[in-house]
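Undergrad: Contents of my_file-v2.cif (mmCIF, C-alpha atoms):
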```cif
data_protein
#
loop_
_atom_site.group_PDB
_atom_site.id
_atom_site.type_symbol
_atom_site.label_atom_id
_atom_site.label_comp_id
_atom_site.auth_asym_id
_atom_site.auth_seq_id
_atom_site.Cartn_x
_atom_site.Cartn_y
_atom_site.Cartn_z
ATOM 1 C CA ASP A 862 41.655 -128.092 48.065
ATOM 2 C CA ASP A 863 39.354 -128.536 45.036
ATOM 3 C CA SER A 864 38.360 -132.097 45.983
ATOM 4 C CA SER A 865 35.538 -130.807 48.182
ATOM 5 C CA GLN A 866 33.944 -129.067 45.133
ATOM 6 C CA ARG A 867 34.035 -132.122 42.864
ATOM 7 C CA PRO A 868 30.824 -134.208 42.574
ATOM 8 C CA SER A 869 30.805 -137.598 44.250
ATOM 9 C CA GLN A 870 30.640 -140.844 42.308
ATOM 10 C CA GLN A 871 26.984 -141.239 43.210
ATOM 11 C CA GLU A 872 26.169 -137.769 41.843
ATOM 12 C CA GLU A 873 28.106 -138.500 38.655
ATOM 13 C CA ALA A 874 26.179 -141.746 38.188
ATOM 14 C CA GLN A 875 22.852 -139.991 38.660
ATOM 15 C CA SER A 876 23.877 -137.299 36.200
ATOM 16 C CA LYS A 877 24.873 -139.875 33.547
ATOM 17 C CA LYS A 878 21.579 -141.737 34.091
ATOM 18 C CA HIS A 879 19.608 -138.508 33.673
ATOM 19 C CA ILE A 880 21.450 -137.689 30.421
ATOM 20 C CA GLN A 881 20.833 -141.205 29.126
ATOM 21 C CA ASN A 882 17.094 -140.976 29.870
ATOM 22 C CA SER A 883 16.876 -137.594 28.141
ATOM 23 C CA THR A 884 18.647 -139.014 25.100
ATOM 24 C CA ASN A 885 16.298 -141.988 24.964
ATOM 25 C CA ARG A 886 13.272 -139.702 25.106
ATOM 26 C CA THR A 887 14.732 -137.481 22.390
ATOM 27 C CA HIS A 888 15.373 -140.348 20.018
ATOM 28 C CA LYS A 889 12.117 -142.160 20.753
ATOM 29 C CA ILE A 890 10.518 -143.415 17.530
ATOM 30 C CA VAL A 891 7.097 -141.850 16.908
ATOM 31 C CA PRO A 892 4.610 -144.325 15.462
ATOM 32 C CA MET A 893 3.079 -143.564 12.066
ATOM 33 C CA SER A 894 -0.189 -141.639 12.087
ATOM 34 C CA THR A 895 -3.441 -143.502 11.718
ATOM 35 C CA PRO A 896 -6.547 -142.401 9.781
ATOM 36 C CA ALA A 897 -8.226 -141.558 13.077
ATOM 37 C CA THR A 898 -5.290 -139.344 14.056
ATOM 38 C CA GLU A 899 -5.309 -137.580 10.691
ATOM 39 C CA ALA A 900 -9.047 -136.982 10.953
ATOM 40 C CA TYR A 901 -8.605 -135.490 14.423
ATOM 41 C CA VAL A 902 -5.792 -133.212 13.256
ATOM 42 C CA ASN A 903 -7.784 -132.072 10.227
ATOM 43 C CA SER A 904 -10.820 -131.366 12.384
ATOM 44 C CA TYR A 905 -8.713 -129.413 14.858
ATOM 45 C CA VAL A 906 -7.106 -127.328 12.098
ATOM 46 C CA GLN A 907 -10.487 -126.593 10.518
ATOM 47 C CA ASN A 908 -11.907 -125.456 13.864
ATOM 48 C CA GLU A 909 -8.924 -123.194 14.472
ATOM 49 C CA LEU A 910 -9.205 -121.688 10.979
ATOM 50 C CA SER A 911 -12.911 -121.126 11.488
ATOM 51 C CA THR A 912 -12.212 -119.318 14.751
ATOM 52 C CA VAL A 913 -9.590 -117.123 13.087
ATOM 53 C CA ASN A 914 -11.936 -116.350 10.188
ATOM 54 C CA GLU A 915 -14.701 -115.302 12.562
ATOM 55 C CA ALA A 916 -12.305 -113.052 14.468
ATOM 56 C CA VAL A 917 -11.036 -111.423 11.252
ATOM 57 C CA ASP A 918 -14.581 -110.921 9.962
ATOM 58 C CA ALA A 919 -15.680 -109.365 13.249
ATOM 59 C CA SER A 920 -12.643 -107.059 13.339
ATOM 60 C CA TRP A 921 -13.221 -105.901 9.768
ATOM 61 C CA THR A 922 -16.932 -105.310 10.390
ATOM 62 C CA LEU A 923 -16.185 -103.306 13.530
ATOM 63 C CA LEU A 924 -13.634 -101.202 11.638
ATOM 64 C CA CYS A 925 -16.153 -100.473 8.886
ATOM 65 C CA GLY A 926 -18.750 -99.554 11.504
ATOM 66 C CA ILE A 927 -16.294 -97.118 13.071
ATOM 67 C CA LEU A 928 -15.660 -95.494 9.679
ATOM 68 C CA VAL A 929 -19.399 -95.099 9.115
ATOM 69 C CA PHE A 930 -19.845 -93.635 12.582
ATOM 70 C CA VAL A 931 -17.071 -91.102 11.959
ATOM 71 C CA MET A 932 -19.327 -89.652 9.264
ATOM 72 C CA GLN A 933 -21.302 -88.160 12.143
ATOM 73 C CA LEU A 934 -18.393 -85.778 12.702
ATOM 74 C CA GLY A 935 -18.465 -84.827 9.049
ATOM 75 C CA PHE A 936 -22.201 -84.199 9.164
ATOM 76 C CA GLY A 937 -21.789 -81.988 12.204
ATOM 77 C CA LEU A 938 -19.026 -79.922 10.600
ATOM 78 C CA VAL A 939 -20.715 -79.431 7.232
ATOM 79 C CA GLU A 940 -24.016 -78.489 8.854
ATOM 80 C CA ALA A 941 -22.351 -76.085 11.294
ATOM 81 C CA GLY A 942 -20.617 -74.429 8.351
ATOM 82 C CA SER A 943 -23.833 -74.096 6.348
ATOM 83 C CA ILE A 944 -25.966 -72.212 8.851
ATOM 84 C CA LYS A 945 -25.755 -69.043 10.886
ATOM 85 C CA SER A 946 -23.171 -69.130 13.645
ATOM 86 C CA ILE A 947 -25.880 -68.493 16.234
ATOM 87 C CA ASN A 948 -27.315 -71.968 15.491
ATOM 88 C CA THR A 949 -24.023 -73.869 15.672
ATOM 89 C CA GLN A 950 -24.502 -75.205 19.198
ATOM 90 C CA THR A 951 -28.042 -76.323 18.403
ATOM 91 C CA ILE A 952 -27.078 -78.257 15.282
ATOM 92 C CA LEU A 953 -24.187 -79.985 17.045
ATOM 93 C CA LEU A 954 -26.482 -80.931 19.914
ATOM 94 C CA LYS A 955 -28.970 -82.355 17.430
ATOM 95 C CA ASN A 956 -26.260 -84.526 15.889
ATOM 96 C CA LEU A 957 -25.288 -85.796 19.334
ATOM 97 C CA LEU A 958 -28.873 -86.571 20.258
ATOM 98 C CA ASP A 959 -29.364 -88.348 16.928
ATOM 99 C CA VAL A 960 -26.816 -90.935 17.944
ATOM 100 C CA SER A 961 -28.078 -91.211 21.523
ATOM 101 C CA ILE A 962 -31.757 -91.649 20.668
ATOM 102 C CA VAL A 963 -31.188 -93.934 17.689
ATOM 103 C CA THR A 964 -28.905 -96.154 19.790
ATOM 104 C CA ILE A 965 -31.679 -96.874 22.285
ATOM 105 C CA GLY A 966 -34.350 -97.300 19.631
ATOM 106 C CA TRP A 967 -32.172 -99.509 17.428
ATOM 107 C CA TRP A 968 -31.309 -101.813 20.329
ATOM 108 C CA ALA A 969 -34.921 -101.944 21.526
ATOM 109 C CA ILE A 970 -36.834 -102.619 18.291
ATOM 110 C CA GLY A 971 -34.965 -101.303 15.246
ATOM 111 C CA TYR A 972 -32.581 -104.213 14.767
ATOM 112 C CA SER A 973 -35.399 -106.711 15.111
ATOM 113 C CA LEU A 974 -37.437 -104.902 12.444
ATOM 114 C CA SER A 975 -34.491 -104.954 10.057
ATOM 115 C CA SER A 976 -33.430 -108.549 10.665
ATOM 116 C CA GLU A 977 -34.104 -111.736 8.763
ATOM 117 C CA GLY A 978 -37.402 -113.444 9.437
ATOM 118 C CA GLY A 979 -40.796 -111.880 9.790
ATOM 119 C CA ASN A 980 -42.298 -111.177 6.382
ATOM 120 C CA SER A 981 -41.442 -109.235 3.251
ATOM 121 C CA PHE A 982 -42.368 -105.936 4.914
ATOM 122 C CA ALA A 983 -40.539 -106.147 8.250
ATOM 123 C CA GLY A 984 -38.488 -108.569 10.298
ATOM 124 C CA GLY A 985 -38.903 -109.450 13.929
ATOM 125 C CA SER A 986 -39.235 -113.181 14.338
ATOM 126 C CA ALA A 987 -35.542 -114.051 14.082
ATOM 127 C CA ARG A 988 -34.472 -111.899 17.027
ATOM 128 C CA SER A 989 -36.401 -110.970 20.144
ATOM 129 C CA PHE A 990 -36.694 -107.346 21.139
ATOM 130 C CA PHE A 991 -34.116 -106.260 23.734
ATOM 131 C CA SER A 992 -32.446 -109.685 23.473
ATOM 132 C CA LEU A 993 -29.586 -110.788 21.240
ATOM 133 C CA ALA A 994 -27.193 -113.689 21.059
ATOM 134 C CA ASN A 995 -23.502 -112.847 21.472
ATOM 135 C CA SER A 996 -22.868 -113.383 17.765
ATOM 136 C CA ASP A 997 -25.401 -110.697 16.857
ATOM 137 C CA TRP A 998 -23.725 -107.775 18.611
ATOM 138 C CA VAL A 999 -21.303 -107.123 15.760
ATOM 139 C CA GLY A 1000 -24.148 -106.978 13.254
ATOM 140 C CA LEU A 1001 -26.177 -104.773 15.567
ATOM 141 C CA TYR A 1002 -23.304 -102.318 15.893
ATOM 142 C CA PHE A 1003 -22.556 -102.221 12.167
ATOM 143 C CA ASN A 1004 -26.167 -101.616 11.123
ATOM 144 C CA TRP A 1005 -26.698 -99.157 13.968
ATOM 145 C CA ALA A 1006 -24.011 -96.920 12.483
ATOM 146 C CA PHE A 1007 -25.981 -96.765 9.225
ATOM 147 C CA SER A 1008 -29.231 -96.106 11.066
ATOM 148 C CA ALA A 1009 -27.699 -93.169 12.913
ATOM 149 C CA ALA A 1010 -26.309 -91.811 9.644
ATOM 150 C CA ALA A 1011 -29.743 -91.970 7.979
ATOM 151 C CA ALA A 1012 -31.280 -89.990 10.827
ATOM 152 C CA THR A 1013 -28.489 -87.400 10.747
ATOM 153 C CA ILE A 1014 -28.948 -86.758 7.019
ATOM 154 C CA VAL A 1015 -32.323 -85.239 7.866
ATOM 155 C CA SER A 1016 -30.738 -82.840 10.337
ATOM 156 C CA GLY A 1017 -28.769 -81.274 7.501
ATOM 157 C CA ALA A 1018 -31.871 -80.868 5.355
ATOM 158 C CA VAL A 1019 -33.774 -79.021 8.087
ATOM 159 C CA ALA A 1020 -30.846 -77.227 9.725
ATOM 160 C CA GLY A 1021 -32.051 -73.920 11.163
ATOM 161 C CA ARG A 1022 -35.637 -74.514 9.987
ATOM 162 C CA ILE A 1023 -37.181 -76.787 12.622
ATOM 163 C CA ARG A 1024 -37.852 -76.607 16.331
ATOM 164 C CA PHE A 1025 -35.900 -78.800 18.698
ATOM 165 C CA ALA A 1026 -38.708 -81.045 20.035
ATOM 166 C CA PRO A 1027 -40.245 -81.960 16.650
ATOM 167 C CA TYR A 1028 -36.788 -82.758 15.324
ATOM 168 C CA ILE A 1029 -36.109 -85.202 18.176
ATOM 169 C CA VAL A 1030 -39.390 -86.999 17.432
ATOM 170 C CA THR A 1031 -38.554 -87.118 13.723
ATOM 171 C CA SER A 1032 -35.049 -88.444 14.338
ATOM 172 C CA ALA A 1033 -36.287 -91.155 16.704
ATOM 173 C CA THR A 1034 -38.960 -92.249 14.201
ATOM 174 C CA ILE A 1035 -36.495 -92.476 11.312
ATOM 175 C CA GLY A 1036 -33.775 -94.336 13.194
ATOM 176 C CA THR A 1037 -36.083 -96.674 15.114
ATOM 177 C CA ILE A 1038 -38.887 -97.509 12.650
ATOM 178 C CA ILE A 1039 -38.514 -96.095 9.135
ATOM 179 C CA PHE A 1040 -34.891 -96.995 8.370
ATOM 180 C CA PRO A 1041 -35.058 -100.513 9.900
ATOM 181 C CA ILE A 1042 -38.078 -101.369 7.740
ATOM 182 C CA VAL A 1043 -36.525 -99.957 4.567
ATOM 183 C CA SER A 1044 -33.256 -101.788 5.248
ATOM 184 C CA HIS A 1045 -35.249 -105.001 5.701
ATOM 185 C CA TRP A 1046 -36.830 -104.479 2.263
ATOM 186 C CA ALA A 1047 -33.422 -104.189 0.585
ATOM 187 C CA TRP A 1048 -30.959 -106.223 2.671
ATOM 188 C CA ALA A 1049 -32.947 -109.094 4.234
ATOM 189 C CA THR A 1050 -33.230 -112.177 2.035
ATOM 190 C CA ASN A 1051 -37.019 -112.174 2.423
ATOM 191 C CA GLY A 1052 -37.472 -108.431 1.795
ATOM 192 C CA TRP A 1053 -39.687 -107.552 -1.147
ATOM 193 C CA LEU A 1054 -37.069 -105.321 -2.796
ATOM 194 C CA TYR A 1055 -34.462 -108.055 -2.355
ATOM 195 C CA ASP A 1056 -36.798 -110.542 -4.035
ATOM 196 C CA LEU A 1057 -37.146 -108.190 -7.007
ATOM 197 C CA GLY A 1058 -33.361 -108.216 -7.495
ATOM 198 C CA PHE A 1059 -32.653 -104.825 -5.932
ATOM 199 C CA ILE A 1060 -28.917 -104.211 -5.460
ATOM 200 C CA ASP A 1061 -27.669 -101.573 -3.036
ATOM 201 C CA PHE A 1062 -24.135 -100.199 -3.245
ATOM 202 C CA ALA A 1063 -22.532 -99.390 0.118
ATOM 203 C CA GLY A 1064 -25.816 -98.142 1.552
ATOM 204 C CA GLY A 1065 -26.086 -95.429 -1.081
ATOM 205 C CA ALA A 1066 -29.741 -96.180 -1.780
ATOM 206 C CA VAL A 1067 -31.065 -97.461 1.515
ATOM 207 C CA ILE A 1068 -29.472 -94.765 3.679
ATOM 208 C CA HIS A 1069 -29.465 -91.680 1.489
ATOM 209 C CA ILE A 1070 -32.810 -92.180 -0.211
ATOM 210 C CA THR A 1071 -34.388 -92.904 3.159
ATOM 211 C CA GLY A 1072 -32.841 -89.764 4.589
#
```
Could you spell out this file's structure in structure tokens?
TA:
Amino acid sequence: DDSSQRPSQQEEAQSKKHIQNSTNRTHKIVPMSTPATEAYVNSYVQNELSTVNEAVDASWTLLCGILVFVMQLGFGLVEAGSIKSINTQTILLKNLLDVSIVTIGWWAIGYSLSSEGGNSFAGGSARSFFSLANSDWVGLYFNWAFSAAAATIVSGAVAGRIRFAPYIVTSATIGTIIFPIVSHWAWATNGWLYDLGFIDFAGGAVIHITG
């Protein structure tokens, strides 16, 4: 007997009422937008676009920093191929320590010396040592990659002709003090080279001439 499986009249009435309510909500007339509503929508869209732009800019900057950092591998290979095989391990270790030492020095004082603020010779007032806002970490990473590259250029010039300890001191000085100050001259808006109209192309002057 299929009568036991059929819905009761009360269930059918509730089902029809539910369908009618859904239809009414679907065909509900939306009032015309007001100037206040349009302003809110425009503000919301602009904020969302700004967020997307910041994310794209950060992603692109990080990618470029990775490409610059990969040059460390190239430096290590070309230097290892230009010296006696007995010195290969030493030169590769020097390249590794370049990155390690410069990372600490750049985070501690290097980025502050290269930043905006300060005077025409060196930065420092815009960012506190050892302390950065969240928005500064991308810039710190990107410029750190260049600082490490500048220090590593020297390792190729003195490959096989310098003792280990003096080289570590030299690398730390270049990556922590010398390069940050030179980059401030050229890249900071209040640097004296920047004021003279100096134009650097892809770090070719600041990094390679410093090295």
Undergrad: Once you count only C-alpha atoms, which residues end up no further than 10 Å from (-37.5, -99.1, 11.7) in the file's frame, shown as a list of chain:residue names?
TA: A:Gly966, A:Trp967, A:Ile970, A:Gly971, A:Tyr972, A:Ser973, A:Leu974, A:Ser975, A:Ala983, A:Gly984, A:Ser1008, A:Ala1033, A:Thr1034, A:Ile1035, A:Gly1036, A:Thr1037, A:Ile1038, A:Ile1039, A:Phe1040, A:Pro1041, A:Ile1042, A:Val1043, A:Ser1044, A:His1045
Undergrad: Just to be explicit: take each residue in the selection above, keep C-alpha atoms, and write the result as a PDB file, keeping the file's coordinate frame.
TA:
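again.pdb was written with the following content:
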```pdb
ATOM      1  CA  GLY A 966     -34.350 -97.300  19.631  1.00  0.00           C
ATOM      2  CA  TRP A 967     -32.172 -99.509  17.428  1.00  0.00           C
ATOM      3  CA  ILE A 970     -36.834-102.619  18.291  1.00  0.00           C
ATOM      4  CA  GLY A 971     -34.965-101.303  15.246  1.00  0.00           C
ATOM      5  CA  TYR A 972     -32.581-104.213  14.767  1.00  0.00           C
ATOM      6  CA  SER A 973     -35.399-106.711  15.111  1.00  0.00           C
ATOM      7  CA  LEU A 974     -37.437-104.902  12.444  1.00  0.00           C
ATOM      8  CA  SER A 975     -34.491-104.954  10.057  1.00  0.00           C
ATOM      9  CA  ALA A 983     -40.539-106.147   8.250  1.00  0.00           C
ATOM     10  CA  GLY A 984     -38.488-108.569  10.298  1.00  0.00           C
ATOM     11  CA  SER A1008     -29.231 -96.106  11.066  1.00  0.00           C
ATOM     12  CA  ALA A1033     -36.287 -91.155  16.704  1.00  0.00           C
ATOM     13  CA  THR A1034     -38.960 -92.249  14.201  1.00  0.00           C
ATOM     14  CA  ILE A1035     -36.495 -92.476  11.312  1.00  0.00           C
ATOM     15  CA  GLY A1036     -33.775 -94.336  13.194  1.00  0.00           C
ATOM     16  CA  THR A1037     -36.083 -96.674  15.114  1.00  0.00           C
ATOM     17  CA  ILE A1038     -38.887 -97.509  12.650  1.00  0.00           C
ATOM     18  CA  ILE A1039     -38.514 -96.095   9.135  1.00  0.00           C
ATOM     19  CA  PHE A1040     -34.891 -96.995   8.370  1.00  0.00           C
ATOM     20  CA  PRO A1041     -35.058-100.513   9.900  1.00  0.00           C
ATOM     21  CA  ILE A1042     -38.078-101.369   7.740  1.00  0.00           C
ATOM     22  CA  VAL A1043     -36.525 -99.957   4.567  1.00  0.00           C
ATOM     23  CA  SER A1044     -33.256-101.788   5.248  1.00  0.00           C
ATOM     24  CA  HIS A1045     -35.249-105.001   5.701  1.00  0.00           C
TER      25      HIS A1045
END
```
Undergrad: Translate the PyMOL selection byres ((chain A and resi 937-940) around 10) into a concrete residue list for this structure, as an NGL selection string.
TA: :A and (932-936 or 941-945 or 948-949 or 952-957 or 1013-1014 or 1016-1021)
Undergrad: Smallest atom-to-atom distance to Leu1057 of chain A: which of A:Ser981, A:Ser904, A:Ser961, A:Ser946, using only C-alpha atoms?
TA: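 Looking only at the distances to Leu1057 of chain A, the closest residue turns out to be A:Ser981.
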Undergrad: Neighbours of Leu924 of chain A within 12 Å (all atoms listed in the file; same-chain residues fewer than 5 positions away dropped), as a PyMOL selection string?
TA: chain A and resi 917-919+929-931+999+1002-1003+1006
Undergrad: Mind dumping the selected residues with C-alpha atoms as a CSV table (one decimal), keeping the file's coordinate frame?
TA:
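Below is the file part.csv, written as the result:
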```csv
chain,number,residue,atom,x,y,z
A,917,VAL,CA,-11.0,-111.4,11.3
A,918,ASP,CA,-14.6,-110.9,10.0
A,919,ALA,CA,-15.7,-109.4,13.2
A,929,VAL,CA,-19.4,-95.1,9.1
A,930,PHE,CA,-19.8,-93.6,12.6
A,931,VAL,CA,-17.1,-91.1,12.0
A,999,VAL,CA,-21.3,-107.1,15.8
A,1002,TYR,CA,-23.3,-102.3,15.9
A,1003,PHE,CA,-22.6,-102.2,12.2
A,1006,ALA,CA,-24.0,-96.9,12.5
```
Undergrad: Between atom CA of Ala1063 of chain A and atom CA of Ser920 of chain A, measure the distance and give it in Å to one decimal.
TA: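 Separation between atom CA of Ala1063 of chain A and atom CA of Ser920 of chain A: 18.2 Å.
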Undergrad: May I ask which of the residues A:Ala1049, A:Glu915, A:Ala1011, A:Glu899 is the closest one to Asp1061 of chain A, counting all atoms listed in the file?
TA: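 With all atoms listed in the file as the atom set, the closest residue is A:Ala1049.
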